[in-house]
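For reference, the structure is listed below as structure tokens.
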Amino acid sequence: MVKVLFSYDMMQGREEECQRYVMQTLAPGLARLGLRISDAWYTLWGEHTPQILGGGLLEDERDAARLLNSPEWETLIEGLDPYVENFRVRVIAASGRIQF
């Protein structure tokens with residue numbers, strides 16, 4: 001089992017639009033692609049980055065590569081561009097604990 005972690009900071013003044021995009025488009029789109037969302041963390045106070053950390057589970061590295069190289073993933077992530085900066089994605093071995 002692997003976890004796909006993605007993190008970003010919302011652009012100031014675009015937070016509401018970003019959250020709307022994530023809830024209405026990104027999360028359902030990732031679920032359709034087979035990513036089982038397991039984590040969603042939001043830094044509410046302070047200047048810590050990343051402001052947002054999300055994660056989802058897939059069976060193995062091959063599934064992760066298929067997801068990350070798919071046109072659907074690209075479209076979903078491009079939809080975040082107007083709202084976020086410092087976007088980062090990583091694939092790690094899932095441990096069953098909180099992972100950053």
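Naming works like this for the structure tokens: A, B, ... for the chains as they're shown, residue 1 at the start of each chain, ligands 1 onward in shown order.
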
| task | Compile the contact shell of Tyr21 of chain A as JSON, numbers by chain: residues with an atom at most 12 Å away, counting only C-alpha atoms, same-chain residues fewer than 3 positions apart removed. | result | {"A": [10, 14, 15, 16, 17, 18, 24, 25, 26, 27, 28, 29, 76, 77, 78, 79, 80, 81, 82, 83, 84]}

| Which of chain A DSSP labels strand (DSSP E or B), written as a PyMOL selection string | chain A and resi 2-10+36-42+52-58+84-93

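Nearest residue to Glu85 of chain A, choosing from A:Ala40, A:Leu67, A:Met1, A:Ile52 and counting only C-alpha atoms: A:Ile52.
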
| query | Between atom CA of Gly56 of chain A and atom CA of Leu5 of chain A, what is the spacing in Å? | reply | 6.8 Å

Selection: 10 Å around Leu58 of chain A, only C-alpha atoms, excl. self and same-chain fewer than 5 positions, as an mmCIF file with N, CA and C atoms, in the first residue's frame:
data_model
loop_
_atom_site.group_PDB
_atom_site.id
_atom_site.type_symbol
_atom_site.label_atom_id
_atom_site.label_comp_id
_atom_site.auth_asym_id
_atom_site.auth_seq_id
_atom_site.Cartn_x
_atom_site.Cartn_y
_atom_site.Cartn_z
ATOM 1 N N MET A 1 0.858 -1.171 0.000
ATOM 2 C CA MET A 1 0.000 0.000 0.000
ATOM 3 C C MET A 1 0.905 1.235 0.000
ATOM 4 N N VAL A 2 0.537 2.218 -0.830
ATOM 5 C CA VAL A 2 1.270 3.480 -0.879
ATOM 6 C C VAL A 2 0.310 4.631 -0.605
ATOM 7 N N LYS A 3 0.900 5.730 -0.171
ATOM 8 C CA LYS A 3 0.122 6.941 0.064
ATOM 9 C C LYS A 3 0.648 8.027 -0.859
ATOM 10 N N VAL A 4 -0.269 8.685 -1.547
ATOM 11 C CA VAL A 4 0.059 9.851 -2.355
ATOM 12 C C VAL A 4 -0.226 11.067 -1.478
ATOM 13 N N GLY A 34 -9.660 6.516 -8.276
ATOM 14 C CA GLY A 34 -9.299 5.395 -7.426
ATOM 15 C C GLY A 34 -8.507 5.749 -6.188
ATOM 16 N N LEU A 35 -8.227 7.029 -5.958
ATOM 17 C CA LEU A 35 -7.502 7.432 -4.766
ATOM 18 C C LEU A 35 -8.467 7.455 -3.582
ATOM 19 N N ARG A 36 -8.134 6.682 -2.561
ATOM 20 C CA ARG A 36 -8.972 6.650 -1.353
ATOM 21 C C ARG A 36 -8.422 7.678 -0.375
ATOM 22 N N ILE A 37 -9.097 8.817 -0.283
ATOM 23 C CA ILE A 37 -8.627 9.905 0.573
ATOM 24 C C ILE A 37 -8.530 9.398 2.014
ATOM 25 N N ASP A 63 0.136 1.714 -9.437
ATOM 26 C CA ASP A 63 -1.118 2.473 -9.440
ATOM 27 C C ASP A 63 -0.851 3.963 -9.242
ATOM 28 N N ALA A 64 0.118 4.286 -8.397
ATOM 29 C CA ALA A 64 0.470 5.690 -8.168
ATOM 30 C C ALA A 64 1.021 6.315 -9.448
ATOM 31 N N LEU A 67 -1.800 6.931 -11.839
ATOM 32 C CA LEU A 67 -2.575 8.099 -11.431
ATOM 33 C C LEU A 67 -1.851 9.399 -11.790
ATOM 34 N N VAL A 91 5.017 10.258 -3.250
ATOM 35 C CA VAL A 91 4.469 8.923 -3.046
ATOM 36 C C VAL A 91 5.358 8.236 -2.020
ATOM 37 N N ALA A 93 5.534 4.929 1.187
ATOM 38 C CA ALA A 93 4.937 3.706 1.705
ATOM 39 C C ALA A 93 3.966 4.080 2.813
ATOM 40 N N ALA A 94 2.757 3.562 2.741
ATOM 41 C CA ALA A 94 1.739 3.876 3.752
ATOM 42 C C ALA A 94 2.064 3.133 5.051
#

| message | Rounded to one decimal, what separation in Å do you get between atom CA of Glu59 of chain A and atom CA of Phe6 of chain A? | response |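 The value is 17.1 Å.
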
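Closest approach to His48 of chain A among A:Leu68, A:Phe87, A:Asp9, A:Leu33: A:Asp9, based on only C-alpha atoms.
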
| remark: Closest of A:Arg32, A:Arg97, A:Arg20, A:Arg90 to Ala65 of chain A, counting only C-alpha atoms, is A:Arg90

| query | Between A:Leu53, A:Asp60, A:Leu30, A:Met11, which one has atoms that come closest to Glu74 of chain A, using only C-alpha atoms? | reply |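 Using only C-alpha atoms, the shortest distance to Glu74 of chain A belongs to A:Leu30.
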
| task | Based on DSSP run over this structure's backbone, return all residues of chain A in helix (DSSP H, G or I), as an MDAnalysis selection string. | result | chainID A and resid 15:32 61:68 71:80
